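Here's run.txt, which has compact mmCIF, C-alpha atoms:
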# COMPACT_ATOMS: atom_id res chain seq x y z
CA LEU A 1 113.96 67.93 53.89
CA LYS A 2 111.68 70.60 52.41
CA THR A 3 109.40 72.37 54.77
CA PRO A 4 106.32 73.81 53.08
CA SER A 5 105.41 77.28 54.33
CA ALA A 6 101.69 76.57 54.63
CA GLN A 7 99.22 74.00 53.52
CA VAL A 8 95.59 73.07 54.09
CA LEU A 9 95.03 69.66 55.68
CA PRO A 10 91.78 67.79 56.05
CA TRP A 11 90.29 67.78 59.57
CA PRO A 12 88.41 64.81 61.01
CA GLY A 13 84.80 65.02 59.94
CA GLY A 14 85.48 66.61 56.55
CA ALA A 15 86.20 70.13 57.80
CA GLN A 16 89.33 71.99 56.86
CA HIS A 17 91.68 73.56 59.41
CA ARG A 18 93.53 76.82 59.28
CA PRO A 19 97.02 77.01 57.69
CA CYS A 20 99.64 74.92 59.46
CA ARG A 21 103.41 74.80 59.49
CA TRP A 22 105.64 71.75 59.34
CA ARG A 23 107.40 70.56 62.47
CA ALA A 24 110.58 68.86 61.34
CA SER A 25 111.32 67.43 64.79
CA VAL A 26 108.01 65.55 64.94
CA GLY A 27 107.29 64.93 61.30
CA ARG A 28 103.63 65.99 61.27
CA PRO A 29 101.81 69.26 60.78
CA TYR A 30 100.83 71.28 63.87
CA PRO A 31 98.17 73.99 63.85
CA LEU A 32 99.43 77.54 64.31
CA VAL A 33 96.33 78.47 66.31
CA ALA A 34 95.65 76.24 69.31
CA SER A 35 92.20 74.71 69.33
CA ALA A 36 90.13 73.28 72.12
CA MET A 37 90.97 69.75 70.92
CA ARG A 38 94.73 70.24 71.10
CA GLN A 39 96.86 71.44 74.03
CA PRO A 40 99.35 74.29 73.42
CA PRO A 41 103.01 73.30 73.15
CA ARG A 42 104.83 73.14 76.47
CA LEU A 43 107.96 75.20 77.01
CA ARG A 44 111.03 73.01 76.77
CA SER A 45 113.22 75.04 79.14
CA ARG A 46 113.09 77.06 82.30
CA GLY A 47 114.35 80.01 80.28
CA GLY A 48 111.20 79.95 78.22
CA ALA A 49 109.07 80.07 81.32
CA ALA A 50 110.98 83.10 82.58
CA ALA A 51 110.55 84.95 79.31
CA VAL A 52 106.83 84.20 79.24
CA ALA A 53 106.52 85.48 82.82
CA VAL A 54 108.15 88.77 81.80
CA ALA A 55 105.82 89.03 78.82
CA GLY A 56 102.81 88.45 81.09
CA VAL A 57 103.89 91.25 83.41
CA LEU A 58 104.29 93.59 80.44
CA LEU A 59 100.80 92.75 79.20
CA LEU A 60 99.25 93.32 82.63
CA THR A 61 100.99 96.67 83.09
CA GLY A 62 99.97 97.88 79.66
CA VAL A 63 103.44 98.24 78.19
CA ALA A 64 103.50 95.26 75.85
CA SER A 65 103.73 97.64 72.90
CA ARG A 66 106.89 99.18 74.34
CA ALA A 67 108.96 96.03 74.58
CA PHE A 68 109.30 92.81 72.63
CA VAL A 69 110.12 89.61 74.50
CA PRO A 70 111.42 86.85 72.21
CA LEU A 71 110.87 83.26 73.33
CA PRO A 72 114.04 81.22 73.49
CA SER A 73 114.45 78.67 70.76
CA GLY A 74 116.66 76.30 72.67
CA PRO A 75 116.69 74.66 76.08
CA GLY A 76 119.66 76.73 77.32
CA ARG A 77 119.64 79.63 79.74
CA ARG A 78 121.41 82.12 77.49
CA GLU A 79 118.29 82.64 75.44
CA ALA A 80 116.28 83.37 78.60
CA ALA A 81 118.80 85.99 79.76
CA ALA A 82 118.80 87.57 76.31
CA GLY A 83 114.99 87.74 76.29
CA ILE A 84 114.79 89.39 79.69
CA ALA A 85 117.55 91.86 78.76
CA ALA A 86 115.68 92.78 75.59
CA ALA A 87 112.50 93.41 77.56
CA LEU A 88 114.23 95.71 80.01
CA ALA A 89 116.04 97.53 77.22
CA GLY A 90 112.72 98.11 75.46
CA LEU A 91 111.22 99.65 78.59
CA LEU A 92 114.16 101.95 79.24
CA ALA A 93 114.39 103.06 75.62
CA SER A 94 110.68 103.92 75.44
CA PRO A 95 109.79 107.62 75.09
CA VAL A 96 107.34 107.23 77.96
CA GLY A 97 110.13 106.13 80.26
CA PRO A 98 110.47 103.22 82.68
CA LEU A 99 107.71 102.13 84.97
CA PRO A 100 107.29 104.19 88.16
CA GLU A 101 109.15 102.78 91.12
CA ALA A 102 107.11 101.32 93.94
CA PRO A 103 107.58 102.91 97.37
CA ALA A 104 110.05 101.14 99.64
CA TRP A 105 108.67 99.83 102.92
CA ALA A 106 110.89 99.16 105.90
CA SER A 107 111.22 95.61 107.10
CA GLY A 108 111.49 96.36 110.81
CA GLY A 109 114.15 97.04 113.38
CA SER A 110 115.80 100.31 114.31
CA THR A 111 116.90 100.96 110.72
CA ALA A 112 113.27 101.18 109.70
CA GLY A 113 112.99 104.51 111.53
CA LYS A 114 109.56 105.85 112.20
CA TYR A 115 107.90 102.80 110.60
CA SER A 116 109.06 100.59 113.49
CA THR A 117 110.47 102.13 116.67
CA ILE A 118 108.33 105.28 116.70
CA PRO A 119 104.88 103.62 116.46
CA SER A 120 105.92 101.08 119.08
CA ALA A 121 107.10 103.84 121.43
CA LYS A 122 103.85 105.74 120.95
CA ARG A 123 101.72 102.71 121.80
CA LYS A 124 103.71 101.95 124.94
CA PHE A 125 104.44 105.37 126.45
CA TYR A 126 102.00 107.98 125.11
CA GLY A 127 99.42 107.35 127.83
CA ARG A 128 101.92 107.49 130.69
CA VAL A 129 103.62 110.64 129.40
CA ARG A 130 100.31 112.43 128.82
CA GLN A 131 99.11 111.55 132.30
CA GLY A 132 102.38 112.86 133.74
CA ILE A 133 102.05 116.13 131.84
CA PHE A 134 98.44 116.46 133.01
CA GLN A 135 99.43 116.16 136.67
CA PHE A 136 102.52 118.35 136.20
CA LEU A 137 100.40 121.22 134.84
CA GLN A 138 98.00 120.86 137.75
CA MET A 139 100.83 121.81 140.12
CA GLU A 140 101.31 125.26 138.55
CA LYS A 141 98.58 127.11 140.47
CA PRO A 142 99.50 125.90 143.97
CA ILE A 143 103.22 126.42 143.37
CA MET A 144 102.77 129.96 142.05
CA ALA A 145 100.42 130.66 144.96
CA GLY A 146 103.01 129.41 147.45
CA ALA A 147 100.89 126.50 148.64
CA LEU A 148 103.66 123.90 148.72
CA THR A 149 101.59 121.55 150.87
CA ASP A 150 98.79 121.20 148.34
CA GLU A 151 97.50 117.70 147.60
CA THR A 152 98.25 117.97 143.88
CA LEU A 153 101.97 118.24 144.67
CA SER A 154 101.98 115.21 146.94
CA ALA A 155 99.92 113.25 144.36
CA PHE A 156 102.64 113.89 141.79
CA PHE A 157 105.63 112.93 143.95
CA ALA A 158 104.17 110.38 146.40
CA LYS A 159 104.59 106.66 145.70
CA ASN A 160 100.89 105.91 145.39
CA ILE A 161 100.97 103.74 142.25
CA ILE A 162 101.15 99.99 142.82
CA LYS A 163 103.34 98.29 140.24
CA LYS A 164 103.20 94.84 141.81
CA LYS A 165 100.79 93.52 144.40
CA GLY A 166 102.18 91.99 147.56
CA GLY A 167 101.14 88.86 149.44
CA LEU A 168 100.60 86.77 146.34
CA GLU A 169 101.91 83.22 146.28
CA ILE A 170 104.93 82.71 144.05
CA LYS A 171 104.59 79.72 141.75
CA ASN A 172 107.12 76.88 141.91
CA CYS A 173 108.48 78.12 145.24
CA ILE A 174 110.06 75.02 146.81
CA GLY A 175 112.41 74.67 149.76
CA LEU A 176 111.79 78.15 151.21
CA GLU A 177 109.79 79.39 154.14
CA GLU A 178 106.20 80.43 153.64
CA LYS A 179 106.95 84.14 153.99
CA ASP A 180 109.62 83.90 151.30
CA CYS A 181 107.11 82.41 148.88
CA LEU A 182 104.94 85.53 148.87
CA SER A 183 105.42 88.47 146.51
CA LYS A 184 106.47 91.87 147.84
CA GLU A 185 104.58 95.01 146.96
CA LYS A 186 106.30 97.50 144.66
CA ARG A 187 105.17 101.12 144.34
CA THR A 188 106.14 104.11 142.27
CA SER A 189 105.09 107.73 141.90
CA ARG A 190 103.56 109.54 138.99
CA TRP A 191 106.75 111.53 138.63
CA LEU A 192 109.02 108.47 138.55
CA ASP A 193 106.72 106.76 136.05
CA MET A 194 106.68 109.86 133.83
CA LYS A 195 110.46 110.15 134.10
CA VAL A 196 111.01 106.63 132.79
CA ALA A 197 108.27 106.76 130.13
CA SER A 198 109.32 110.15 128.72
CA ASP A 199 112.95 109.04 128.44
CA LEU A 200 112.00 105.82 126.65
CA LEU A 201 109.62 107.69 124.36
CA ALA A 202 112.39 110.12 123.40
CA SER A 203 114.76 107.23 122.74
CA GLY A 204 112.19 105.64 120.43
CA PHE A 205 112.23 108.65 118.10
CA ARG A 206 115.31 107.69 116.09
CA TYR A 207 115.59 107.15 112.38
CA SER A 208 118.78 105.13 112.06
CA SER A 209 120.46 102.26 113.85
CA SER A 210 123.58 104.42 114.16
CA ASP A 211 121.76 106.95 116.39
CA VAL A 212 122.88 106.85 120.03
CA ASN A 213 120.11 107.56 122.53
CA ASP A 214 122.28 109.72 124.78
CA TYR A 215 123.03 112.11 121.92
CA LEU A 216 119.48 112.60 120.64
CA PRO A 217 118.25 116.17 121.26
CA GLN A 218 114.91 115.10 122.71
CA VAL A 219 116.67 112.74 125.13
CA LYS A 220 119.01 115.47 126.30
CA LEU A 221 116.10 117.85 126.77
CA ILE A 222 113.91 115.49 128.79
CA ARG A 223 116.83 114.55 131.04
CA ALA A 224 117.51 118.23 131.71
CA TYR A 225 113.82 118.53 132.59
CA ALA A 226 114.14 115.58 134.96
CA LYS A 227 117.02 117.22 136.83
CA LYS A 228 114.95 120.37 137.36
CA ILE A 229 112.01 118.33 138.68
CA GLU A 230 114.28 116.53 141.14
CA ASN A 231 115.52 119.91 142.40
CA LEU A 232 111.91 121.11 142.52
CA LYS A 233 111.00 118.18 144.74
CA VAL A 234 113.78 119.10 147.16
CA ALA A 235 112.72 122.76 147.18
CA ILE A 236 109.12 121.76 147.97
CA GLU A 237 110.23 119.53 150.83
CA LYS A 238 112.31 122.36 152.27
CA GLY A 239 109.53 124.90 151.81
CA GLU A 240 111.56 127.19 149.53
CA THR A 241 108.77 128.90 147.64
CA GLU A 242 110.78 131.19 145.36
CA GLU A 243 113.20 128.42 144.44
CA ALA A 244 110.31 126.10 143.63
CA GLN A 245 108.60 128.72 141.48
CA GLY A 246 111.76 129.39 139.46
CA LEU A 247 112.45 125.70 138.93
CA TYR A 248 108.88 125.07 137.84
CA ARG A 249 109.07 127.80 135.18
CA LEU A 250 112.32 126.43 133.78
CA ALA A 251 111.00 122.86 133.79
CA LYS A 252 107.85 123.95 131.96
CA LEU A 253 109.95 125.60 129.24
CA ASP A 254 111.91 122.38 128.72
CA LEU A 255 108.70 120.35 128.57
CA ALA A 256 107.18 122.77 126.03
CA LYS A 257 110.19 122.17 123.75
CA TYR A 258 110.05 118.41 124.28
CA VAL A 259 106.44 117.65 123.32
CA PRO A 260 106.72 118.60 119.60
CA MET A 261 109.88 116.49 119.29
CA VAL A 262 107.87 113.38 120.18
CA GLU A 263 104.79 114.43 118.19
CA LEU A 264 102.65 115.36 121.19
CA GLU A 265 100.26 118.30 121.38
CA PRO A 266 101.51 121.60 122.90
CA LEU A 267 101.04 122.20 126.60
CA ASP A 268 98.07 124.57 126.08
CA SER A 269 96.16 121.84 124.25
CA GLU A 270 92.98 120.27 125.57
CA ASP A 271 94.82 116.95 125.69
CA TYR A 272 96.12 117.82 129.14
CA THR A 273 92.85 118.93 130.70
CA HIS A 274 91.76 115.40 131.65
CA PRO A 275 93.34 112.16 132.90
CA TRP A 276 94.66 109.52 130.49
CA ASP A 277 94.68 105.75 130.39
CA VAL A 278 98.25 104.70 131.14
CA LYS A 279 97.97 101.15 129.78
CA SER A 280 100.00 100.24 126.73
CA ARG A 281 98.05 99.77 123.54
CA VAL A 282 98.46 96.38 121.91
CA TRP A 283 98.57 95.99 118.13
CA CYS A 284 98.27 92.49 116.69
CA GLN A 285 99.08 91.22 113.22
CA GLY A 286 98.03 87.62 112.81
CA ASN A 287 99.33 85.63 115.78
CA VAL A 288 101.97 88.23 116.71
CA CYS A 289 101.15 91.15 119.02
CA TYR A 290 103.28 94.19 119.70
Please go through the file and, once you have read it, give me the structure as structure tokens.
Amino acid sequence: LKTPSAQVLPWPGGAQHRPCRWRASVGRPYPLVASAMRQPPRLRSRGGAAAVAVAGVLLLTGVASRAFVPLPSGPGRREAAAGIAAALAGLLASPVGPLPEAPAWASGGSTAGKYSTIPSAKRKFYGRVRQGIFQFLQMEKPIMAGALTDETLSAFFAKNIIKKKGGLEIKNCIGLEEKDCLSKEKRTSRWLDMKVASDLLASGFRYSSSDVNDYLPQVKLIRAYAKKIENLKVAIEKGETEEAQGLYRLAKLDLAKYVPMVELEPLDSEDYTHPWDVKSRVWCQGNVCY
């Protein structure tokens, strides 16, 4: 069967169409340029669709002139793989070089480093730690002056923060006496709250899932600070002025080293000249809140 290279065929209405080629599988001429009256030929394989997708990406990124993507001639998958391989080879062999790599974003979890655990730790504990530092610095003047009975010291160590209100009815309390169905009040101190929050904040600053909290330098430092504050509390209760002054100086040095490790402002900053809101900040994405 001879296949003419090109011929001019009459078009309905007397007009002539552009040159056409012969389709042996169908047995009738088919226009080379698709018109509004005729749909373009559909791809006869999934491989063809894949190659066309690669060609579309190359056109959108402006590198169509750097790579040629041949359409597969058959319905098999080998032609599709060959077309995609040719496109990638054309990009890599170009004098301009391959396309720039997109930045990698972490997907979450401890392995995501500062893109996951660190922002969460900041939202939860920054307010509590800053408030603790604010009240800790307020104790410096009375301690250095020997006034160990000052109210600022008792405000830091006394359990004056209510964590859970008492006397509230417990839901679904069945079979118990009335007094056992009421909640019990729980209190804490500013120091105990700062101790827990600062330790958890330090543990949140890790960049790999293989990091162990106990071995992180900021965790070791804040726990050494906590031991000095516990000894300071005992010295204040006993009225040992010189011991309290020495412990306060050492604790302040540890705290000054700790704050940059957790991306807080230095101790002489204006951040610690006023009280802070200790509530955790909530960040929502869609229907999920963190």
Residues of stretch 218-257 of chain A at most 10 Å from stretch 202-212 of chain A: nearest atom pair and distance in Å, all atoms listed in the file, as a tab-separated table:
residue	atom	partner	partner_atom	distance
A:Gln218	CA	A:Ala202	CA	5.6
A:Val219	CA	A:Ala202	CA	5.3
A:Lys220	CA	A:Ala202	CA	9.0
A:Leu221	CA	A:Ala202	CA	9.2
A:Ile222	CA	A:Ala202	CA	7.8
A:Arg223	CA	A:Ala202	CA	9.9
>> Could you tell me how far atom CA of A:Ile118 sits from atom CA of A:Met261, in Å to one decimal place?
In response: 11.6 Å
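Pairwise distance (atom CA of A:Ile161, atom CA of A:Ala235) equals 22.9 Å.
Using only C-alpha atoms, the protein and nucleic acid residues lying at most 10 Å from the point (101.2, 114.1, 129.0) are A:Phe125, A:Tyr126, A:Gly127, A:Arg128, A:Val129, A:Arg130, A:Gln131, A:Gly132, A:Ile133, A:Phe134, A:Gln135, A:Phe136, A:Leu137, A:Met194, A:Ser198, A:Leu255, A:Val259, A:Leu264, A:Glu265, A:Pro266, A:Leu267, A:Asp271, A:Tyr272, A:Thr273, A:His274, A:Pro275, A:Trp276.
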Once you count only C-alpha atoms, which residues end up no further than 10 Å from (100.2, 113.4, 143.3) in the file's frame, shown as a CSV table (one decimal) with C-alpha atoms, keeping the file's coordinate frame?
chain,number,residue,atom,x,y,z
A,132,GLY,CA,102.4,112.9,133.7
A,135,GLN,CA,99.4,116.2,136.7
A,136,PHE,CA,102.5,118.4,136.2
A,138,GLN,CA,98.0,120.9,137.8
A,139,MET,CA,100.8,121.8,140.1
A,150,ASP,CA,98.8,121.2,148.3
A,151,GLU,CA,97.5,117.7,147.6
A,152,THR,CA,98.2,118.0,143.9
A,153,LEU,CA,102.0,118.2,144.7
A,154,SER,CA,102.0,115.2,146.9
A,155,ALA,CA,99.9,113.2,144.4
A,156,PHE,CA,102.6,113.9,141.8
A,157,PHE,CA,105.6,112.9,144.0
A,158,ALA,CA,104.2,110.4,146.4
A,159,LYS,CA,104.6,106.7,145.7
A,160,ASN,CA,100.9,105.9,145.4
A,161,ILE,CA,101.0,103.7,142.2
A,189,SER,CA,105.1,107.7,141.9
A,190,ARG,CA,103.6,109.5,139.0
A,191,TRP,CA,106.8,111.5,138.6
Taking 2 positions as the minimum chain separation for residues in the same chain, which residues sit within 12 Å of A:Lys233 when counting only C-alpha atoms? Answer as a PDB file with C-alpha atoms, in the frame of the given file.
ATOM      1  CA  MET A 139     100.830 121.810 140.120  1.00  0.00           C
ATOM      2  CA  ILE A 143     103.220 126.420 143.370  1.00  0.00           C
ATOM      3  CA  LEU A 148     103.660 123.900 148.720  1.00  0.00           C
ATOM      4  CA  THR A 149     101.590 121.550 150.870  1.00  0.00           C
ATOM      5  CA  LEU A 153     101.970 118.240 144.670  1.00  0.00           C
ATOM      6  CA  SER A 154     101.980 115.210 146.940  1.00  0.00           C
ATOM      7  CA  PHE A 156     102.640 113.890 141.790  1.00  0.00           C
ATOM      8  CA  PHE A 157     105.630 112.930 143.950  1.00  0.00           C
ATOM      9  CA  ALA A 158     104.170 110.380 146.400  1.00  0.00           C
ATOM     10  CA  TRP A 191     106.750 111.530 138.630  1.00  0.00           C
ATOM     11  CA  LEU A 192     109.020 108.470 138.550  1.00  0.00           C
ATOM     12  CA  ALA A 226     114.140 115.580 134.960  1.00  0.00           C
ATOM     13  CA  LYS A 227     117.020 117.220 136.830  1.00  0.00           C
ATOM     14  CA  LYS A 228     114.950 120.370 137.360  1.00  0.00           C
ATOM     15  CA  ILE A 229     112.010 118.330 138.680  1.00  0.00           C
ATOM     16  CA  GLU A 230     114.280 116.530 141.140  1.00  0.00           C
ATOM     17  CA  ASN A 231     115.520 119.910 142.400  1.00  0.00           C
ATOM     18  CA  ALA A 235     112.720 122.760 147.180  1.00  0.00           C
ATOM     19  CA  ILE A 236     109.120 121.760 147.970  1.00  0.00           C
ATOM     20  CA  GLU A 237     110.230 119.530 150.830  1.00  0.00           C
ATOM     21  CA  LYS A 238     112.310 122.360 152.270  1.00  0.00           C
ATOM     22  CA  GLY A 239     109.530 124.900 151.810  1.00  0.00           C
ATOM     23  CA  GLU A 240     111.560 127.190 149.530  1.00  0.00           C
ATOM     24  CA  THR A 241     108.770 128.900 147.640  1.00  0.00           C
ATOM     25  CA  GLU A 243     113.200 128.420 144.440  1.00  0.00           C
ATOM     26  CA  ALA A 244     110.310 126.100 143.630  1.00  0.00           C
ATOM     27  CA  GLN A 245     108.600 128.720 141.480  1.00  0.00           C
ATOM     28  CA  LEU A 247     112.450 125.700 138.930  1.00  0.00           C
ATOM     29  CA  TYR A 248     108.880 125.070 137.840  1.00  0.00           C
ATOM     30  CA  ALA A 251     111.000 122.860 133.790  1.00  0.00           C
TER      31      ALA A 251
END
>> Need the shell around A:Arg123: protein/DNA/RNA residues with any atom at most 8 Å away, counting only C-alpha atoms. Skip same-chain ones fewer than 4 positions apart. Format as a ChimeraX atom specification?
In response: /A:119,127,280-282
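One finds atom CA of A:Leu232 at 27.7 Å from atom CA of A:Lys122.
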Using only the atoms of stretch 198-202 of chain A listed in the file, plus 6 Å on each side, state the axis-aligned box centre and edge lengths in Å rounded to one decimal, as lines of an AutoDock Vina configuration file.
center_x = 111.1
center_y = 108.0
center_z = 126.1
size_x = 15.6
size_y = 16.3
size_z = 17.3
